[in-house]
file structure.cif (mmCIF, C-alpha atoms)
data_final
loop_
_atom_site.label_atom_id
_atom_site.label_comp_id
_atom_site.auth_asym_id
_atom_site.auth_seq_id
_atom_site.Cartn_x
_atom_site.Cartn_y
_atom_site.Cartn_z
CA VAL D 54 -29.80 38.75 11.73
CA ASN D 55 -28.25 35.96 9.64
CA ALA D 56 -26.55 37.74 6.70
CA ALA D 57 -27.96 35.31 4.12
CA SER D 58 -31.52 34.72 5.35
CA PHE D 59 -32.03 37.93 7.39
CA VAL D 60 -33.59 35.74 10.09
CA ALA D 61 -33.25 37.10 13.61
CA GLY D 62 -32.61 34.99 16.70
CA PRO D 63 -29.71 32.78 17.81
CA GLN D 64 -26.65 32.99 15.54
CA SER D 65 -24.02 30.35 14.79
CA ALA D 66 -20.35 30.56 15.66
CA GLY D 67 -18.47 31.46 12.49
CA ALA D 68 -21.59 32.83 10.77
CA LEU D 69 -21.81 36.10 8.89
CA VAL D 70 -24.23 38.39 10.69
CA THR D 71 -25.83 41.72 9.78
CA LEU D 72 -26.86 44.38 12.26
CA PHE D 73 -28.91 47.47 11.50
CA GLY D 74 -29.10 50.82 13.22
CA GLN D 75 -28.40 54.53 12.87
CA ASN D 76 -25.10 56.44 12.94
CA LEU D 77 -23.20 53.13 13.09
CA ALA D 78 -20.27 54.46 11.05
CA PRO D 79 -19.27 57.80 9.49
CA ARG D 80 -19.31 56.36 5.93
CA ALA D 81 -19.64 53.14 3.95
CA GLU D 82 -16.50 51.01 3.68
CA ALA D 83 -15.89 47.37 2.73
CA ALA D 84 -12.98 45.20 3.81
CA ALA D 85 -10.21 45.10 1.21
CA GLN D 86 -7.89 42.59 2.88
CA LEU D 87 -7.74 39.13 4.39
CA PRO D 88 -7.81 38.20 7.18
CA LEU D 89 -10.68 40.60 7.75
CA PRO D 90 -9.90 43.73 9.76
CA THR D 91 -11.53 44.46 13.09
CA GLU D 92 -11.91 48.16 12.24
CA LEU D 93 -13.35 49.90 9.18
CA ALA D 94 -13.93 53.64 8.77
CA GLY D 95 -12.91 54.01 12.42
CA THR D 96 -15.74 51.67 13.48
CA GLN D 97 -15.54 48.52 15.58
CA VAL D 98 -18.08 45.93 16.71
CA LEU D 99 -17.32 44.61 20.18
CA LEU D 100 -18.69 41.25 21.26
CA MET D 101 -18.16 40.77 24.98
CA GLY D 102 -15.62 43.59 24.63
CA TRP D 103 -13.65 41.78 21.88
CA PRO D 104 -13.46 43.37 18.39
CA VAL D 105 -14.82 41.03 15.72
CA PRO D 106 -13.89 40.79 12.01
CA LEU D 107 -15.77 43.21 9.78
CA LEU D 108 -16.82 42.77 6.15
CA TYR D 109 -18.69 46.03 5.69
CA VAL D 110 -19.76 49.11 7.65
CA SER D 111 -22.10 51.98 6.81
CA PRO D 112 -24.18 54.48 8.78
CA THR D 113 -27.12 52.03 8.88
CA GLN D 114 -25.68 48.52 8.41
CA ILE D 115 -22.69 46.45 9.52
CA ASN D 116 -21.75 42.93 8.41
CA PHE D 117 -19.43 40.96 10.71
CA GLN D 118 -18.38 37.41 11.57
CA VAL D 119 -19.25 35.70 14.85
CA PRO D 120 -15.99 34.22 16.27
CA TYR D 121 -15.66 30.45 16.08
CA PHE D 122 -14.21 30.20 19.57
CA LEU D 123 -17.58 31.08 21.09
CA ALA D 124 -18.79 27.56 20.30
CA LEU D 125 -15.96 26.13 22.40
CA LEU D 126 -16.08 28.49 25.36
CA LEU D 127 -19.70 29.53 25.79
CA ARG D 128 -23.00 27.76 26.30
CA PRO D 129 -25.57 27.79 23.48
CA GLY D 130 -28.61 29.86 24.37
CA ASN D 131 -26.65 32.34 26.44
CA GLN D 132 -26.73 36.00 25.44
CA TYR D 133 -23.67 38.17 24.96
CA PRO D 134 -23.53 41.96 24.53
CA VAL D 135 -22.73 43.55 21.17
CA VAL D 136 -21.62 47.20 21.08
CA VAL D 137 -20.73 49.42 18.09
CA ARG D 138 -17.93 51.91 18.71
CA HIS D 139 -16.67 54.83 16.62
CA SER D 140 -15.35 58.34 17.21
CA GLY D 141 -15.07 57.64 20.93
CA LEU D 142 -18.77 56.84 21.18
CA GLU D 143 -20.43 53.51 21.94
CA SER D 144 -23.94 52.28 21.22
CA GLU D 145 -26.14 50.78 23.84
CA PRO D 146 -25.46 47.03 24.09
CA HIS D 147 -27.73 44.63 22.26
CA ASN D 148 -27.56 40.92 22.95
CA LEU D 149 -26.45 38.22 20.50
CA THR D 150 -27.72 34.76 21.38
CA LEU D 151 -25.41 31.88 20.52
CA GLY D 152 -27.15 29.01 18.73
CA THR D 153 -27.69 27.86 15.17
CA SER D 154 -28.99 29.97 12.30
CA ILE D 155 -28.36 28.76 8.74
CA GLY D 156 -29.02 30.90 5.69
CA VAL D 157 -28.59 30.23 1.97
CA PHE D 158 -27.02 32.90 -0.25
CA ALA D 159 -27.32 31.27 -3.68
CA VAL D 160 -27.17 28.03 -5.69
CA PHE D 161 -24.71 27.59 -8.56
CA HIS D 162 -23.96 25.10 -11.32
CA ALA D 163 -20.83 23.35 -10.00
CA ALA D 164 -19.33 23.04 -13.49
CA ASP D 165 -19.06 26.78 -14.18
CA PHE D 166 -20.37 28.52 -11.02
CA GLN D 167 -23.10 30.29 -12.95
CA SER D 168 -26.22 30.97 -10.87
CA VAL D 169 -29.14 28.58 -11.08
CA THR D 170 -32.03 30.68 -12.38
CA PRO D 171 -35.31 30.07 -14.27
CA THR D 172 -33.45 30.89 -17.50
CA ASN D 173 -30.38 28.83 -16.51
CA PRO D 174 -32.01 25.95 -14.63
CA ALA D 175 -30.46 22.96 -12.94
CA ARG D 176 -30.32 19.76 -14.97
CA ARG D 177 -31.21 16.37 -13.61
CA GLY D 178 -28.03 14.45 -12.83
CA GLU D 179 -25.76 17.50 -12.60
CA TYR D 180 -23.89 18.69 -9.53
CA LEU D 181 -24.80 21.97 -7.85
CA ALA D 182 -23.00 24.10 -5.28
CA LEU D 183 -24.99 25.86 -2.57
CA TYR D 184 -23.42 28.82 -0.72
CA ALA D 185 -24.60 29.40 2.85
CA THR D 186 -23.52 30.69 6.23
CA GLY D 187 -24.02 29.46 9.79
CA LEU D 188 -22.95 25.81 9.39
CA GLY D 189 -20.84 25.98 12.55
CA LEU D 190 -17.49 24.45 13.42
CA THR D 191 -15.17 22.86 10.89
CA THR D 192 -12.32 20.39 10.90
CA PRO D 193 -9.59 21.53 10.70
CA MET D 194 -10.78 24.41 12.86
CA ALA D 195 -11.18 27.57 10.79
CA GLU D 196 -9.59 30.83 11.90
CA THR D 197 -12.07 33.64 12.51
CA GLY D 198 -11.73 36.33 9.86
CA ALA D 199 -9.62 34.13 7.59
CA PRO D 200 -10.74 32.50 4.32
CA GLY D 201 -11.45 28.81 3.89
CA ALA D 202 -8.52 26.68 2.77
CA SER D 203 -8.01 26.41 -1.00
CA GLU D 204 -6.31 23.00 -0.87
CA GLU D 205 -6.44 19.93 1.33
CA PRO D 206 -7.05 19.72 4.18
CA LEU D 207 -10.20 21.73 3.45
CA ASN D 208 -12.29 23.08 6.33
CA ARG D 209 -15.11 20.52 6.38
CA THR D 210 -18.30 20.94 8.40
CA VAL D 211 -18.33 18.98 11.67
CA ALA D 212 -22.13 18.57 11.87
CA ASP D 213 -23.94 16.16 9.55
CA THR D 214 -25.11 17.90 6.37
CA LEU D 215 -28.17 16.75 4.41
CA LEU D 216 -30.47 18.31 1.84
CA THR D 217 -33.99 17.78 0.63
CA LEU D 218 -34.91 18.60 -2.96
CA GLY D 219 -38.55 18.17 -3.78
CA ASN D 220 -39.51 14.99 -1.92
CA ARG D 221 -36.03 13.45 -1.98
CA MET D 222 -33.38 13.36 0.74
CA LEU D 223 -29.85 13.98 -0.56
CA THR D 224 -26.37 13.55 0.91
CA ALA D 225 -23.83 16.32 0.40
CA THR D 226 -20.73 15.31 -1.55
CA TYR D 227 -18.87 18.20 0.13
CA SER D 228 -19.80 20.47 3.02
CA GLY D 229 -17.31 22.98 4.35
CA LEU D 230 -15.96 26.48 3.97
CA ALA D 231 -15.91 27.75 0.42
CA PRO D 232 -12.23 28.01 -0.59
CA GLY D 233 -11.00 31.59 -0.37
CA LEU D 234 -14.14 32.99 1.30
CA VAL D 235 -14.70 34.06 4.91
CA GLY D 236 -17.69 32.66 6.78
CA VAL D 237 -19.26 31.26 3.62
CA SER D 238 -19.81 27.51 3.36
CA GLN D 239 -20.14 25.48 0.17
CA VAL D 240 -22.38 22.42 -0.02
CA ASN D 241 -22.11 20.28 -3.16
CA PHE D 242 -24.82 17.82 -4.17
CA GLN D 243 -26.22 16.00 -7.19
CA VAL D 244 -29.69 16.59 -8.61
CA PRO D 245 -31.46 13.20 -8.81
CA GLN D 246 -32.11 11.88 -12.30
CA GLU D 247 -35.62 10.87 -11.20
CA LEU D 248 -36.64 14.35 -9.99
CA THR D 249 -39.76 15.75 -11.61
CA PRO D 250 -38.91 18.82 -13.75
CA GLY D 251 -40.15 22.22 -12.60
CA ARG D 252 -39.81 24.31 -9.45
CA SER D 253 -38.37 22.28 -6.59
CA ARG D 254 -38.10 23.23 -2.92
CA LEU D 255 -34.51 22.95 -1.62
CA VAL D 256 -33.80 22.76 2.13
CA LEU D 257 -30.36 22.55 3.73
CA LEU D 258 -30.15 20.73 7.09
CA VAL D 259 -27.06 20.88 9.28
CA GLY D 260 -26.99 19.04 12.59
CA GLY D 261 -30.75 18.61 12.29
CA VAL D 262 -31.37 22.37 11.92
CA ALA D 263 -32.97 23.54 8.67
CA ALA D 264 -32.24 26.70 6.73
CA PRO D 265 -35.17 28.62 5.26
CA ALA D 266 -36.18 26.86 2.04
CA VAL D 267 -35.26 28.19 -1.39
CA GLU D 268 -36.72 27.18 -4.73
CA ILE D 269 -34.76 26.24 -7.83
CA GLU D 270 -35.83 25.46 -11.37
CA VAL D 271 -35.00 21.94 -12.57
CA ARG D 272 -35.23 20.71 -16.15
#
call {"tool": "encode", "arguments": {"input": "structure.cif", "output": "structure tokens"}}
result
Amino acid sequence: VNAASFVAGPQSAGALVTLFGQNLAPRAEAAAQLPLPTELAGTQVLLMGWPVPLLYVSPTQINFQVPYFLALLLRPGNQYPVVVRHSGLESEPHNLTLGTSIGVFAVFHAADFQSVTPTNPARRGEYLALYATGLGLTTPMAETGAPGASEEPLNRTVADTLLTLGNRMLTATYSGLAPGLVGVSQVNFQVPQELTPGRSRLVLLVGGVAAPAVEIEVR
């Protein structure tokens, strides 16, 4: 499933993905280095036989990144086997379908990166930063398992990025990998001055594909 939305189905190249199961790893362990390792706690995830970067493993859950190169070499809609390996044992293969799946982690105030919450709402006219995964290829091309660039040239999203907030269509002022983070994209936008205060439905659209909507409080 998409690691932000937990939606199953086709997954984007470069996206963070979560898989669930039993006896996936001998213990819980999170990555402590960048680029991300391809083995944690003696556990690997093999996609078409290739080990992929791991963020976290545990007996019941693994978070990993789908390699970017899949978007260049493979056809969307095709299915590719995923296998978990540890202690000389391998799981039965389960298929990952290549496609587009966008999920939103959180929305922050761009000025201080505090979370937008009912008690710390967005203000009309201010800039917000949305964190998501699954936005696809970037230019320059990002390296799988490596963090987004922290200075220009930043890894900007190739596909067109738009947002809707309430009944208004917005253009992103920045869409690309979040500097210093792996597989996490940052989308900056301004809250319209004319927006009606209250709960507003926020939808991120990338290349015409929408993420599941989230709601934010606007004052």
call {"tool": "resolve_selection", "arguments": {"input": "structure.cif", "expression": "the PyMOL selection byres ((chain D and resi 146) around 9)", "output": "compact mmCIF listing (two decimals) with C-alpha atoms, in the coordinates of the input"}}
result
# COMPACT_ATOMS: atom_id res chain seq x y z
CA PRO D 134 -23.53 41.96 24.53
CA VAL D 135 -22.73 43.55 21.17
CA VAL D 136 -21.62 47.20 21.08
CA VAL D 137 -20.73 49.42 18.09
CA GLU D 143 -20.43 53.51 21.94
CA SER D 144 -23.94 52.28 21.22
CA GLU D 145 -26.14 50.78 23.84
CA HIS D 147 -27.73 44.63 22.26
CA ASN D 148 -27.56 40.92 22.95
call {"tool": "atom_distance", "arguments": {"input": "structure.cif", "atom1": "CA of Ala202 (chain D)", "atom2": "CA of Gln239 (chain D)"}}
result
12.0 Å
call {"tool": "atom_distance", "arguments": {"input": "structure.cif", "atom1": "CA of Phe158 (chain D)", "atom2": "CA of Ser228 (chain D)"}}
result
14.7 Å
call {"tool": "resolve_selection", "arguments": {"input": "structure.cif", "expression": "the PyMOL selection byres ((chain D and resi 205) around 12)", "output": "PyMOL selection string"}}
result
chain D and resi 192-193+201-204+206-209+229-230+232
call {"tool": "residues_around", "arguments": {"input": "structure.cif", "residues": "region 109-115 of chain D", "least_positions_apart": "2", "cutoff": "10 Å", "atoms": "all atoms listed in the file", "output": "ChimeraX atom specification"}}
result
/D:56,70-85,89-90,92-98,106-107,117,137
call {"tool": "decode", "arguments": {"input": "structure.cif", "residues": "region 197-241 of chain D", "atoms": "N, CA and C atoms", "output": "JSON list (two decimals), in the first residue's frame"}}
result
[["chain", "number", "residue", "atom", "x", "y", "z"],
["D", 197, "THR", "N", 17.46, 6.63, -6.31],
["D", 197, "THR", "CA", 16.69, 5.80, -5.39],
["D", 197, "THR", "C", 17.46, 5.59, -4.09],
["D", 198, "GLY", "N", 16.76, 5.79, -2.98],
["D", 198, "GLY", "CA", 17.37, 5.60, -1.67],
["D", 198, "GLY", "C", 18.11, 6.81, -1.14],
["D", 199, "ALA", "N", 18.28, 7.84, -1.97],
["D", 199, "ALA", "CA", 19.02, 9.04, -1.58],
["D", 199, "ALA", "C", 18.05, 10.17, -1.28],
["D", 200, "PRO", "N", 18.44, 11.12, -0.43],
["D", 200, "PRO", "CA", 17.54, 12.23, -0.10],
["D", 200, "PRO", "C", 17.45, 13.25, -1.22],
["D", 201, "GLY", "N", 16.38, 14.04, -1.18],
["D", 201, "GLY", "CA", 16.23, 15.13, -2.13],
["D", 201, "GLY", "C", 17.31, 16.18, -1.92],
["D", 202, "ALA", "N", 17.70, 16.84, -3.00],
["D", 202, "ALA", "CA", 18.74, 17.87, -2.93],
["D", 202, "ALA", "C", 18.33, 18.99, -1.99],
["D", 203, "SER", "N", 19.33, 19.54, -1.27],
["D", 203, "SER", "CA", 19.07, 20.62, -0.32],
["D", 203, "SER", "C", 19.40, 21.99, -0.88],
["D", 204, "GLU", "N", 19.92, 22.03, -2.11],
["D", 204, "GLU", "CA", 20.21, 23.30, -2.78],
["D", 204, "GLU", "C", 19.97, 23.11, -4.27],
["D", 205, "GLU", "N", 19.89, 24.20, -5.00],
["D", 205, "GLU", "CA", 19.65, 24.10, -6.43],
["D", 205, "GLU", "C", 20.78, 23.36, -7.14],
["D", 206, "PRO", "N", 20.45, 22.55, -8.15],
["D", 206, "PRO", "CA", 19.10, 22.29, -8.66],
["D", 206, "PRO", "C", 18.34, 21.31, -7.78],
["D", 207, "LEU", "N", 17.17, 21.71, -7.32],
["D", 207, "LEU", "CA", 16.30, 20.84, -6.54],
["D", 207, "LEU", "C", 15.64, 19.82, -7.46],
["D", 208, "ASN", "N", 15.19, 18.72, -6.88],
["D", 208, "ASN", "CA", 14.55, 17.64, -7.64],
["D", 208, "ASN", "C", 13.07, 17.94, -7.82],
["D", 209, "ARG", "N", 12.74, 18.65, -8.90],
["D", 209, "ARG", "CA", 11.36, 19.09, -9.13],
["D", 209, "ARG", "C", 10.54, 18.01, -9.83],
["D", 210, "THR", "N", 9.27, 17.96, -9.51],
["D", 210, "THR", "CA", 8.35, 16.99, -10.10],
["D", 210, "THR", "C", 8.19, 17.23, -11.60],
["D", 211, "VAL", "N", 8.26, 16.16, -12.39],
["D", 211, "VAL", "CA", 8.11, 16.28, -13.84],
["D", 211, "VAL", "C", 6.65, 16.53, -14.22],
["D", 212, "ALA", "N", 5.73, 15.78, -13.62],
["D", 212, "ALA", "CA", 4.30, 15.91, -13.96],
["D", 212, "ALA", "C", 3.74, 17.21, -13.40],
["D", 213, "ASP", "N", 2.72, 17.74, -14.09],
["D", 213, "ASP", "CA", 2.05, 18.95, -13.63],
["D", 213, "ASP", "C", 1.41, 18.73, -12.26],
["D", 214, "THR", "N", 1.59, 19.70, -11.37],
["D", 214, "THR", "CA", 1.07, 19.60, -10.01],
["D", 214, "THR", "C", 0.07, 20.73, -9.76],
["D", 215, "LEU", "N", -1.14, 20.35, -9.37],
["D", 215, "LEU", "CA", -2.20, 21.30, -9.04],
["D", 215, "LEU", "C", -2.82, 20.88, -7.70],
["D", 216, "LEU", "N", -3.58, 21.81, -7.11],
["D", 216, "LEU", "CA", -4.30, 21.51, -5.90],
["D", 216, "LEU", "C", -5.68, 22.14, -5.97],
["D", 217, "THR", "N", -6.62, 21.55, -5.27],
["D", 217, "THR", "CA", -7.89, 22.20, -5.05],
["D", 217, "THR", "C", -8.07, 22.36, -3.54],
["D", 218, "LEU", "N", -8.51, 23.54, -3.14],
["D", 218, "LEU", "CA", -8.78, 23.83, -1.73],
["D", 218, "LEU", "C", -10.16, 24.45, -1.67],
["D", 219, "GLY", "N", -11.08, 23.75, -1.02],
["D", 219, "GLY", "CA", -12.47, 24.17, -1.10],
["D", 219, "GLY", "C", -12.93, 24.06, -2.54],
["D", 220, "ASN", "N", -13.42, 25.15, -3.09],
["D", 220, "ASN", "CA", -13.88, 25.15, -4.49],
["D", 220, "ASN", "C", -12.91, 25.90, -5.40],
["D", 221, "ARG", "N", -11.66, 26.04, -4.98],
["D", 221, "ARG", "CA", -10.69, 26.82, -5.75],
["D", 221, "ARG", "C", -9.54, 25.94, -6.24],
["D", 222, "MET", "N", -9.15, 26.17, -7.50],
["D", 222, "MET", "CA", -8.01, 25.48, -8.07],
["D", 222, "MET", "C", -6.76, 26.32, -7.83],
["D", 223, "LEU", "N", -5.70, 25.69, -7.33],
["D", 223, "LEU", "CA", -4.46, 26.38, -6.98],
["D", 223, "LEU", "C", -3.30, 25.81, -7.76],
["D", 224, "THR", "N", -2.30, 26.66, -8.02],
["D", 224, "THR", "CA", -1.05, 26.23, -8.65],
["D", 224, "THR", "C", 0.04, 26.12, -7.59],
["D", 225, "ALA", "N", 0.79, 25.06, -7.62],
["D", 225, "ALA", "CA", 1.88, 24.89, -6.66],
["D", 225, "ALA", "C", 3.01, 25.86, -6.98],
["D", 226, "THR", "N", 3.54, 26.50, -5.94],
["D", 226, "THR", "CA", 4.72, 27.36, -6.12],
["D", 226, "THR", "C", 6.01, 26.54, -6.11],
["D", 227, "TYR", "N", 5.96, 25.34, -5.55],
["D", 227, "TYR", "CA", 7.07, 24.38, -5.63],
["D", 227, "TYR", "C", 6.49, 22.99, -5.52],
["D", 228, "SER", "N", 6.97, 22.07, -6.34],
["D", 228, "SER", "CA", 6.61, 20.66, -6.25],
["D", 228, "SER", "C", 7.84, 19.84, -6.58],
["D", 229, "GLY", "N", 8.33, 19.12, -5.60],
["D", 229, "GLY", "CA", 9.52, 18.30, -5.81],
["D", 229, "GLY", "C", 9.88, 17.58, -4.53],
["D", 230, "LEU", "N", 10.99, 16.86, -4.56],
["D", 230, "LEU", "CA", 11.41, 16.16, -3.35],
["D", 230, "LEU", "C", 11.67, 17.14, -2.22],
["D", 231, "ALA", "N", 11.25, 16.76, -1.02],
["D", 231, "ALA", "CA", 11.55, 17.57, 0.16],
["D", 231, "ALA", "C", 13.05, 17.48, 0.43],
["D", 232, "PRO", "N", 13.74, 18.60, 0.54],
["D", 232, "PRO", "CA", 15.18, 18.57, 0.78],
["D", 232, "PRO", "C", 15.54, 17.72, 1.99],
["D", 233, "GLY", "N", 16.49, 16.79, 1.77],
["D", 233, "GLY", "CA", 16.99, 15.96, 2.85],
["D", 233, "GLY", "C", 16.17, 14.73, 3.17],
["D", 234, "LEU", "N", 15.02, 14.53, 2.49],
["D", 234, "LEU", "CA", 14.17, 13.38, 2.77],
["D", 234, "LEU", "C", 14.14, 12.43, 1.58],
["D", 235, "VAL", "N", 13.95, 11.15, 1.85],
["D", 235, "VAL", "CA", 13.91, 10.12, 0.81],
["D", 235, "VAL", "C", 12.47, 9.79, 0.46],
["D", 236, "GLY", "N", 12.11, 9.92, -0.81],
["D", 236, "GLY", "CA", 10.79, 9.49, -1.27],
["D", 236, "GLY", "C", 9.64, 10.37, -0.82],
["D", 237, "VAL", "N", 9.95, 11.47, -0.16],
["D", 237, "VAL", "CA", 8.92, 12.39, 0.32],
["D", 237, "VAL", "C", 8.97, 13.66, -0.51],
["D", 238, "SER", "N", 7.84, 14.03, -1.09],
["D", 238, "SER", "CA", 7.75, 15.25, -1.90],
["D", 238, "SER", "C", 7.13, 16.38, -1.10],
["D", 239, "GLN", "N", 7.52, 17.59, -1.44],
["D", 239, "GLN", "CA", 7.00, 18.80, -0.80],
["D", 239, "GLN", "C", 6.29, 19.64, -1.86],
["D", 240, "VAL", "N", 5.07, 20.02, -1.57],
["D", 240, "VAL", "CA", 4.29, 20.87, -2.47],
["D", 240, "VAL", "C", 3.90, 22.13, -1.72],
["D", 241, "ASN", "N", 4.40, 23.27, -2.17],
["D", 241, "ASN", "CA", 4.11, 24.55, -1.54],
["D", 241, "ASN", "C", 2.98, 25.26, -2.29]]
